[in-house]
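A.B. asks: Sharing a structure here in structure tokens format.
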Amino acid sequence: MSKPQTLSVPGFLYGTAWKEERTPALVELALRAGFRGIDTANQRRHYFEAGVGKGLAAACGAGVLTRADVFLQTKFTYRPGQDHRLPYDSDATLPVQVAQSMASSLEHLGTDYVNSYVLHGPSSGYDWTEADAQVWEAMKEERDAGRTRLLGVSNVSLRHLEQMAAVHSETPAFVQNRCYARLGWDRDIRSFCRQHKITYQGFSLLTANQDVLRHPVVTGLGTQQNATPEQIIFAFARSVGMLPLTGTSNSEHMRQDLASTALTLSADAVRAIEALAE
Ligand SMILES: NC(=O)c1ccc[n+]([C@@H]2O[C@H](COP(=O)([O-])OP(=O)(O)OC[C@H]3O[C@@H](n4cnc5c(N)ncnc54)[C@H](OP(=O)(O)O)[C@@H]3O)[C@@H](O)[C@H]2O)c1
């Protein structure tokens with residue numbers, strides 16, 4: 001399989017959580033709609049990673065695209081985040097679990113590399129622990145062996161990131177977090193990301209911010225721009241430097257989400273949406 005040295009990160013990631021047996025068809029539909037970034041995890045409890053591989057194979061087989069055109073991202077998930085369907089031997093050491101989980105991901109996805117490999121969440125909600133340090137070093141080995149191009153962390157606090165930066169020579173390429181408007185759209189983490197040249201990936205932009213979708217600032221901008229409130233939120237996310245995720249199962253919403261990349265918001269509009277949190 002060809003291994004592109006670089007594939008630019010697309011403007012949107014299509015999220016594959018909670019789709020179960022619909023995963024292959026929805027991934028194929030998303031790729032046909034124009035998504036070129038796919039987010040999954042080797043966590044059978046919430047994701048059907050092998051179904052992602054099937055959808056990708058179907059799109060490639062139909063000539064929609066090739067593997068090299070797709071930014072594929074998956075995750076390593078600690079034992080407490082998993083159910084009984086484990087992608088590794090839970091008695092093995094953490095570095096071995098990382099290697100086993102990655103091997104299983106590559107098999108599920110039908111590829112010999114992913115574009116991004118993400119730690120699904122630190123082992124403690126408070127500190128960046130010795131376990132996290134071991135896992136991160138093991139993830140770096142996967143990257144150095146060519147099985148992933150880039151590395152990321154998810155569900156992290158500013159404290160996690162600061163502690164991580166203090167003990168490792170390398171910070172992640174990505175932070176993937178749930179983005180709440182009421183927390184200033186994760187302002188502190190986004191600021192850390194800007195300082196360290198980390199791309200911030202935001203999820204639950206719609207589902208975590210239902211009040212914002214109904215706010216007159218957002219609906220008014222939608223009317224002005226002939227766009228839906230959902231499209232305004234995605235355009236806002238991009239304007240402040242986020243890489244948004246969408247998990248839509250609806251083909252019209254896929255089209256709308258992708259079309260939001262063409263919207264331009266004024267600096268005043270961006271400030272007004274940011275200020276909704278205050
Ligand atoms: N790292 C983590 O721990 C973590 C946690 C959660 C999620 N994620 C990732 O993030 C992905 C996305 O999750 P999410 O929480 O952001 O989204 P989500 O829960 O999959 O839901 C997106 C929601 O927005 C709606 N929607 C999307 N586009 C729309 C549009 N244009 N108009 C109206 N409604 C629209 C969808 O409805 P329709 O289906 O009807 O369009 C759906 O209800 C997941 O699939 C997963 O890959 C990661």
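Scheme for the structure tokens: letters A, B, ... for chains in order shown; per-chain residue numbers from 1; ligand numbers from 1 in order shown.
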Applying 7 Å and only C-alpha atoms, which residues near stretch 22-25 of chain A remain after dropping the ones on its own chain fewer than 2 positions away? List them as a list in words.
C.D. replies: Thr16, Lys19, Glu20, Val27, Glu28, Leu29, Phe48, Gly51, Val52, Lys54 and Gly55 of chain A
A.B. asks: Put those residues in a file: N, CA, C and O atoms, as a short mmCIF file (atom, residue, chain, number, x, y, z; two decimals), in the first residue's frame.
C.D. replies:
```cif
data_model
loop_
_atom_site.label_atom_id
_atom_site.label_comp_id
_atom_site.auth_asym_id
_atom_site.auth_seq_id
_atom_site.Cartn_x
_atom_site.Cartn_y
_atom_site.Cartn_z
N THR A 16 -17.76 8.46 13.88
CA THR A 16 -18.44 7.18 13.63
C THR A 16 -18.98 6.52 14.90
O THR A 16 -19.33 5.34 14.88
N LYS A 19 -22.97 4.17 15.82
CA LYS A 19 -23.67 3.87 14.56
C LYS A 19 -23.89 2.37 14.37
O LYS A 19 -24.63 1.95 13.48
N GLU A 20 -23.24 1.58 15.18
CA GLU A 20 -23.43 0.13 15.18
C GLU A 20 -23.47 -0.45 13.76
O GLU A 20 -22.61 -0.17 12.98
N VAL A 27 -20.43 5.35 6.71
CA VAL A 27 -19.06 5.78 6.34
C VAL A 27 -18.95 5.90 4.82
O VAL A 27 -18.42 6.88 4.30
N GLU A 28 -19.50 4.92 4.12
CA GLU A 28 -19.46 5.00 2.65
C GLU A 28 -20.21 6.25 2.16
O GLU A 28 -19.73 6.99 1.30
N LEU A 29 -21.39 6.48 2.76
CA LEU A 29 -22.19 7.66 2.37
C LEU A 29 -21.42 8.95 2.64
O LEU A 29 -21.39 9.86 1.80
N PHE A 48 -17.87 0.85 16.01
CA PHE A 48 -17.73 -0.41 15.27
C PHE A 48 -16.62 -0.16 14.25
O PHE A 48 -16.88 0.17 13.09
N GLY A 51 -16.51 -1.92 11.03
CA GLY A 51 -17.52 -1.39 10.12
C GLY A 51 -17.00 -0.17 9.36
O GLY A 51 -17.35 0.05 8.20
N VAL A 52 -16.16 0.61 10.02
CA VAL A 52 -15.52 1.75 9.34
C VAL A 52 -14.65 1.21 8.20
O VAL A 52 -14.68 1.73 7.07
N LYS A 54 -15.04 -1.52 6.59
CA LYS A 54 -15.91 -2.02 5.51
C LYS A 54 -16.41 -0.86 4.64
O LYS A 54 -16.46 -0.97 3.42
N GLY A 55 -16.82 0.22 5.28
CA GLY A 55 -17.32 1.39 4.54
C GLY A 55 -16.23 1.99 3.68
O GLY A 55 -16.47 2.38 2.52
#
```
A.B. asks: Taking the DSSP secondary structure from the backbone, can you list the residues of stretch 127-219 of chain A that are strand (DSSP E or B), as a ChimeraX atom specification?
C.D. replies: /A:148-154,174-178,199-203
A.B. asks: May I ask you to write as a VMD selection string all residues lying at most 7 Å from ligand 1, with only C-alpha atoms and all ligand atoms counted?
C.D. replies: chain A and resid 14 to 18 39 to 40 120 to 121 154 to 155 176 to 178 203 to 207 230 to 231 245 to 250 253 to 254 256 to 257
A.B. asks: Between A:Arg44, A:Arg271, A:His196, A:His160, which is the closest to A:Trp128 once you count only C-alpha atoms?
C.D. replies: A:His160
A.B. asks: Which distance in Å separates atom CA of A:Asp83 and atom CA of A:Gln100, to one decimal?
C.D. replies: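 Between these atoms lies a distance of 16.5 Å.
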A.B. asks: For atom CA of A:Phe71 and atom CA of A:Val9, quote the distance in Å rounded to one decimal.
C.D. replies: 6.6 Å
A.B. asks: For A:Gly241, work out the shell of residues within 10 Å, counting only C-alpha atoms and skipping chain neighbours fewer than 5 positions away, then give it as a list in words.
C.D. replies: Arg190, Cys193, Arg194, Thr199, Tyr200, Gln201 and Phe236 of chain A
A.B. asks: Let's see if you can do this: from backbone DSSP, list all alpha helix (DSSP H) residues in stretch 13-193 of chain A, as an mmCIF file with N, CA and C atoms, in the first residue's frame.
C.D. replies:
```cif
data_model
loop_
_atom_site.group_PDB
_atom_site.id
_atom_site.type_symbol
_atom_site.label_atom_id
_atom_site.label_comp_id
_atom_site.auth_asym_id
_atom_site.auth_seq_id
_atom_site.Cartn_x
_atom_site.Cartn_y
_atom_site.Cartn_z
ATOM 1 N N THR A 23 -22.805 1.507 10.560
ATOM 2 C CA THR A 23 -21.489 2.132 10.355
ATOM 3 C C THR A 23 -20.963 1.995 8.919
ATOM 4 N N PRO A 24 -20.928 0.773 8.333
ATOM 5 C CA PRO A 24 -20.343 0.678 6.980
ATOM 6 C C PRO A 24 -21.074 1.573 5.979
ATOM 7 N N ALA A 25 -22.398 1.521 5.985
ATOM 8 C CA ALA A 25 -23.166 2.308 5.002
ATOM 9 C C ALA A 25 -22.992 3.802 5.235
ATOM 10 N N LEU A 26 -22.968 4.213 6.514
ATOM 11 C CA LEU A 26 -22.840 5.654 6.789
ATOM 12 C C LEU A 26 -21.437 6.173 6.459
ATOM 13 N N VAL A 27 -20.431 5.351 6.705
ATOM 14 C CA VAL A 27 -19.064 5.777 6.344
ATOM 15 C C VAL A 27 -18.953 5.897 4.824
ATOM 16 N N GLU A 28 -19.504 4.918 4.116
ATOM 17 C CA GLU A 28 -19.456 5.003 2.646
ATOM 18 C C GLU A 28 -20.214 6.248 2.165
ATOM 19 N N LEU A 29 -21.387 6.482 2.759
ATOM 20 C CA LEU A 29 -22.189 7.657 2.374
ATOM 21 C C LEU A 29 -21.415 8.952 2.636
ATOM 22 N N ALA A 30 -20.770 9.015 3.795
ATOM 23 C CA ALA A 30 -19.998 10.227 4.150
ATOM 24 C C ALA A 30 -18.854 10.441 3.160
ATOM 25 N N LEU A 31 -18.178 9.368 2.782
ATOM 26 C CA LEU A 31 -17.074 9.502 1.820
ATOM 27 C C LEU A 31 -17.605 9.915 0.455
ATOM 28 N N ARG A 32 -18.744 9.351 0.077
ATOM 29 C CA ARG A 32 -19.357 9.741 -1.208
ATOM 30 C C ARG A 32 -19.820 11.198 -1.157
ATOM 31 N N ALA A 33 -20.254 11.648 0.027
ATOM 32 C CA ALA A 33 -20.718 13.047 0.166
ATOM 33 C C ALA A 33 -19.551 14.031 0.095
ATOM 34 N N GLU A 49 -15.368 -0.275 14.723
ATOM 35 C CA GLU A 49 -14.218 0.103 13.888
ATOM 36 C C GLU A 49 -14.113 -0.772 12.631
ATOM 37 N N ALA A 50 -14.426 -2.060 12.775
ATOM 38 C CA ALA A 50 -14.365 -2.934 11.600
ATOM 39 C C ALA A 50 -15.398 -2.490 10.563
ATOM 40 N N GLY A 51 -16.507 -1.922 11.033
ATOM 41 C CA GLY A 51 -17.525 -1.392 10.118
ATOM 42 C C GLY A 51 -17.004 -0.175 9.361
ATOM 43 N N VAL A 52 -16.161 0.613 10.020
ATOM 44 C CA VAL A 52 -15.522 1.748 9.341
ATOM 45 C C VAL A 52 -14.647 1.214 8.198
ATOM 46 N N GLY A 53 -13.890 0.154 8.507
ATOM 47 C CA GLY A 53 -13.046 -0.455 7.477
ATOM 48 C C GLY A 53 -13.877 -0.943 6.297
ATOM 49 N N LYS A 54 -15.042 -1.520 6.588
ATOM 50 C CA LYS A 54 -15.914 -2.015 5.509
ATOM 51 C C LYS A 54 -16.412 -0.864 4.640
ATOM 52 N N GLY A 55 -16.821 0.223 5.284
ATOM 53 C CA GLY A 55 -17.318 1.392 4.542
ATOM 54 C C GLY A 55 -16.227 1.994 3.675
ATOM 55 N N LEU A 56 -15.014 2.055 4.239
ATOM 56 C CA LEU A 56 -13.878 2.600 3.492
ATOM 57 C C LEU A 56 -13.573 1.695 2.291
ATOM 58 N N ALA A 57 -13.580 0.378 2.529
ATOM 59 C CA ALA A 57 -13.293 -0.570 1.437
ATOM 60 C C ALA A 57 -14.343 -0.448 0.342
ATOM 61 N N ALA A 58 -15.606 -0.265 0.742
ATOM 62 C CA ALA A 58 -16.676 -0.147 -0.267
ATOM 63 C C ALA A 58 -16.469 1.110 -1.115
ATOM 64 N N ALA A 59 -16.127 2.218 -0.456
ATOM 65 C CA ALA A 59 -15.916 3.469 -1.209
ATOM 66 C C ALA A 59 -14.699 3.349 -2.119
ATOM 67 N N CYS A 60 -13.636 2.712 -1.614
ATOM 68 C CA CYS A 60 -12.433 2.521 -2.451
ATOM 69 C C CYS A 60 -12.767 1.584 -3.615
ATOM 70 N N GLY A 61 -13.493 0.506 -3.306
ATOM 71 C CA GLY A 61 -13.845 -0.479 -4.336
ATOM 72 C C GLY A 61 -14.705 0.120 -5.432
ATOM 73 N N LEU A 94 0.887 -1.985 29.674
ATOM 74 C CA LEU A 94 0.256 -0.938 28.856
ATOM 75 C C LEU A 94 0.924 -0.772 27.487
ATOM 76 N N PRO A 95 2.266 -0.766 27.409
ATOM 77 C CA PRO A 95 2.869 -0.639 26.076
ATOM 78 C C PRO A 95 2.447 -1.787 25.143
ATOM 79 N N VAL A 96 2.321 -2.991 25.697
ATOM 80 C CA VAL A 96 1.876 -4.126 24.864
ATOM 81 C C VAL A 96 0.412 -3.932 24.464
ATOM 82 N N GLN A 97 -0.401 -3.425 25.380
ATOM 83 C CA GLN A 97 -1.813 -3.160 25.033
ATOM 84 C C GLN A 97 -1.912 -2.155 23.886
ATOM 85 N N VAL A 98 -1.072 -1.139 23.929
ATOM 86 C CA VAL A 98 -1.091 -0.133 22.848
ATOM 87 C C VAL A 98 -0.736 -0.809 21.519
ATOM 88 N N ALA A 99 0.316 -1.617 21.517
ATOM 89 C CA ALA A 99 0.743 -2.284 20.277
ATOM 90 C C ALA A 99 -0.351 -3.228 19.774
ATOM 91 N N GLN A 100 -0.987 -3.959 20.698
ATOM 92 C CA GLN A 100 -2.044 -4.896 20.288
ATOM 93 C C GLN A 100 -3.266 -4.140 19.766
ATOM 94 N N SER A 101 -3.609 -3.048 20.423
ATOM 95 C CA SER A 101 -4.779 -2.270 20.001
ATOM 96 C C SER A 101 -4.538 -1.684 18.610
ATOM 97 N N MET A 102 -3.325 -1.172 18.388
ATOM 98 C CA MET A 102 -2.995 -0.616 17.066
ATOM 99 C C MET A 102 -3.056 -1.711 16.001
ATOM 100 N N ALA A 103 -2.483 -2.883 16.277
ATOM 101 C CA ALA A 103 -2.500 -3.977 15.285
ATOM 102 C C ALA A 103 -3.944 -4.343 14.945
ATOM 103 N N SER A 104 -4.785 -4.382 15.956
ATOM 104 C CA SER A 104 -6.197 -4.709 15.748
ATOM 105 C C SER A 104 -6.897 -3.600 14.951
ATOM 106 N N SER A 105 -6.564 -2.334 15.212
ATOM 107 C CA SER A 105 -7.152 -1.220 14.454
ATOM 108 C C SER A 105 -6.790 -1.329 12.972
ATOM 109 N N LEU A 106 -5.516 -1.620 12.712
ATOM 110 C CA LEU A 106 -5.078 -1.687 11.305
ATOM 111 C C LEU A 106 -5.816 -2.823 10.588
ATOM 112 N N GLU A 107 -6.026 -3.913 11.321
ATOM 113 C CA GLU A 107 -6.765 -5.037 10.724
ATOM 114 C C GLU A 107 -8.219 -4.618 10.469
ATOM 115 N N HIS A 108 -8.850 -4.000 11.463
ATOM 116 C CA HIS A 108 -10.243 -3.546 11.289
ATOM 117 C C HIS A 108 -10.384 -2.588 10.109
ATOM 118 N N LEU A 109 -9.401 -1.716 9.977
ATOM 119 C CA LEU A 109 -9.511 -0.641 8.977
ATOM 120 C C LEU A 109 -8.961 -1.037 7.612
ATOM 121 N N GLU A 130 1.698 8.306 35.542
ATOM 122 C CA GLU A 130 2.779 7.464 35.022
ATOM 123 C C GLU A 130 2.230 6.506 33.952
ATOM 124 N N ALA A 131 0.986 6.030 34.141
ATOM 125 C CA ALA A 131 0.364 5.149 33.134
ATOM 126 C C ALA A 131 0.223 5.900 31.806
ATOM 127 N N ASP A 132 -0.245 7.144 31.881
ATOM 128 C CA ASP A 132 -0.399 7.941 30.654
ATOM 129 C C ASP A 132 0.963 8.155 29.976
ATOM 130 N N ALA A 133 1.976 8.394 30.798
ATOM 131 C CA ALA A 133 3.321 8.616 30.243
ATOM 132 C C ALA A 133 3.786 7.372 29.494
ATOM 133 N N GLN A 134 3.533 6.199 30.084
ATOM 134 C CA GLN A 134 3.927 4.933 29.419
ATOM 135 C C GLN A 134 3.176 4.748 28.111
ATOM 136 N N VAL A 135 1.882 5.029 28.149
ATOM 137 C CA VAL A 135 1.055 4.864 26.949
ATOM 138 C C VAL A 135 1.507 5.843 25.866
ATOM 139 N N TRP A 136 1.787 7.070 26.266
ATOM 140 C CA TRP A 136 2.215 8.078 25.273
ATOM 141 C C TRP A 136 3.535 7.664 24.610
ATOM 142 N N GLU A 137 4.464 7.166 25.418
ATOM 143 C CA GLU A 137 5.743 6.724 24.840
ATOM 144 C C GLU A 137 5.504 5.544 23.893
ATOM 145 N N ALA A 138 4.585 4.649 24.246
ATOM 146 C CA ALA A 138 4.273 3.505 23.363
ATOM 147 C C ALA A 138 3.613 3.993 22.075
ATOM 148 N N MET A 139 2.782 5.023 22.190
ATOM 149 C CA MET A 139 2.158 5.592 20.987
ATOM 150 C C MET A 139 3.221 6.219 20.087
ATOM 151 N N LYS A 140 4.221 6.847 20.697
ATOM 152 C CA LYS A 140 5.312 7.431 19.896
ATOM 153 C C LYS A 140 6.068 6.331 19.147
ATOM 154 N N GLU A 141 6.210 5.166 19.798
ATOM 155 C CA GLU A 141 6.877 4.048 19.100
ATOM 156 C C GLU A 141 6.065 3.590 17.899
ATOM 157 N N GLU A 142 4.742 3.588 18.043
ATOM 158 C CA GLU A 142 3.878 3.221 16.896
ATOM 159 C C GLU A 142 4.093 4.223 15.763
ATOM 160 N N ARG A 143 4.190 5.480 16.132
ATOM 161 C CA ARG A 143 4.409 6.517 15.119
ATOM 162 C C ARG A 143 5.788 6.334 14.457
ATOM 163 N N ASP A 144 6.816 6.086 15.291
ATOM 164 C CA ASP A 144 8.163 5.942 14.734
ATOM 165 C C ASP A 144 8.279 4.713 13.844
ATOM 166 N N LEU A 158 -6.669 21.395 31.016
ATOM 167 C CA LEU A 158 -5.446 22.195 30.883
ATOM 168 C C LEU A 158 -4.345 21.609 31.782
ATOM 169 N N ARG A 159 -4.758 21.135 32.963
ATOM 170 C CA ARG A 159 -3.786 20.549 33.900
ATOM 171 C C ARG A 159 -3.104 19.325 33.273
ATOM 172 N N HIS A 160 -3.918 18.449 32.643
ATOM 173 C CA HIS A 160 -3.331 17.289 31.957
ATOM 174 C C HIS A 160 -2.286 17.744 30.939
ATOM 175 N N LEU A 161 -2.661 18.736 30.131
ATOM 176 C CA LEU A 161 -1.767 19.162 29.041
ATOM 177 C C LEU A 161 -0.497 19.795 29.590
ATOM 178 N N GLU A 162 -0.638 20.591 30.645
ATOM 179 C CA GLU A 162 0.553 21.235 31.212
ATOM 180 C C GLU A 162 1.487 20.187 31.817
ATOM 181 N N GLN A 163 0.900 19.209 32.510
ATOM 182 C CA GLN A 163 1.732 18.156 33.106
ATOM 183 C C GLN A 163 2.380 17.315 32.009
ATOM 184 N N MET A 164 1.604 17.045 30.967
ATOM 185 C CA MET A 164 2.137 16.249 29.860
ATOM 186 C C MET A 164 3.335 16.971 29.220
ATOM 187 N N ALA A 165 3.150 18.264 28.981
ATOM 188 C CA ALA A 165 4.214 19.049 28.332
ATOM 189 C C ALA A 165 5.468 19.099 29.214
ATOM 190 N N ALA A 166 5.264 19.005 30.545
ATOM 191 C CA ALA A 166 6.416 19.083 31.461
ATOM 192 C C ALA A 166 7.230 17.786 31.468
ATOM 193 N N VAL A 167 6.598 16.643 31.164
ATOM 194 C CA VAL A 167 7.343 15.378 31.267
ATOM 195 C C VAL A 167 7.731 14.765 29.929
ATOM 196 N N ARG A 187 -12.067 27.562 25.981
ATOM 197 C CA ARG A 187 -11.131 28.659 25.684
ATOM 198 C C ARG A 187 -9.702 28.389 26.161
ATOM 199 N N ASP A 188 -9.556 27.904 27.417
ATOM 200 C CA ASP A 188 -8.199 27.740 27.965
ATOM 201 C C ASP A 188 -7.414 26.678 27.199
ATOM 202 N N ILE A 189 -8.110 25.604 26.860
ATOM 203 C CA ILE A 189 -7.431 24.523 26.128
ATOM 204 C C ILE A 189 -7.086 25.004 24.721
ATOM 205 N N ARG A 190 -8.012 25.745 24.111
ATOM 206 C CA ARG A 190 -7.724 26.234 22.754
ATOM 207 C C ARG A 190 -6.538 27.196 22.769
ATOM 208 N N SER A 191 -6.432 27.952 23.834
ATOM 209 C CA SER A 191 -5.315 28.887 23.934
ATOM 210 C C SER A 191 -3.987 28.113 24.088
ATOM 211 N N PHE A 192 -4.000 27.078 24.926
ATOM 212 C CA PHE A 192 -2.803 26.224 25.065
ATOM 213 C C PHE A 192 -2.442 25.631 23.699
ATOM 214 N N CYS A 193 -3.466 25.164 22.979
ATOM 215 C CA CYS A 193 -3.234 24.546 21.666
ATOM 216 C C CYS A 193 -2.595 25.545 20.710
#
```
A.B. asks: A:Thr111, A:Gln210, A:Ser116, A:Thr93: which is nearest A:Ala41, counting only C-alpha atoms?
C.D. replies: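 Checking each candidate against A:Ala41, we get A:Ser116 as the closest.
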A.B. asks: Kindly give the distance, in Å, that separates atom CA of A:Tyr47 and atom CA of A:Gln82, rounded to a single decimal.
C.D. replies: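 Computing the Euclidean distance for atom CA of A:Tyr47 and atom CA of A:Gln82 yields 10.5 Å.
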A.B. asks: Using only C-alpha atoms, which of A:Cys179, A:Ser90, A:Tyr117, A:Ile232 sits nearest A:Leu263?
C.D. replies: A:Ile232
A.B. asks: Which residues come within 12 Å of A:Thr219, counting only C-alpha atoms, excluding same-chain residues fewer than 5 positions away, as a ChimeraX atom specification?
C.D. replies: /A:211-214,224-233,269,273
A.B. asks: Can you work out which one of A:Arg45, A:Arg238, A:Arg182, A:Arg67 has the shortest atom-to-atom distance to A:Gly202, counting only C-alpha atoms?
C.D. replies: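 Between A:Arg45, A:Arg238, A:Arg182, A:Arg67, the residue approaching A:Gly202 most closely is A:Arg238.
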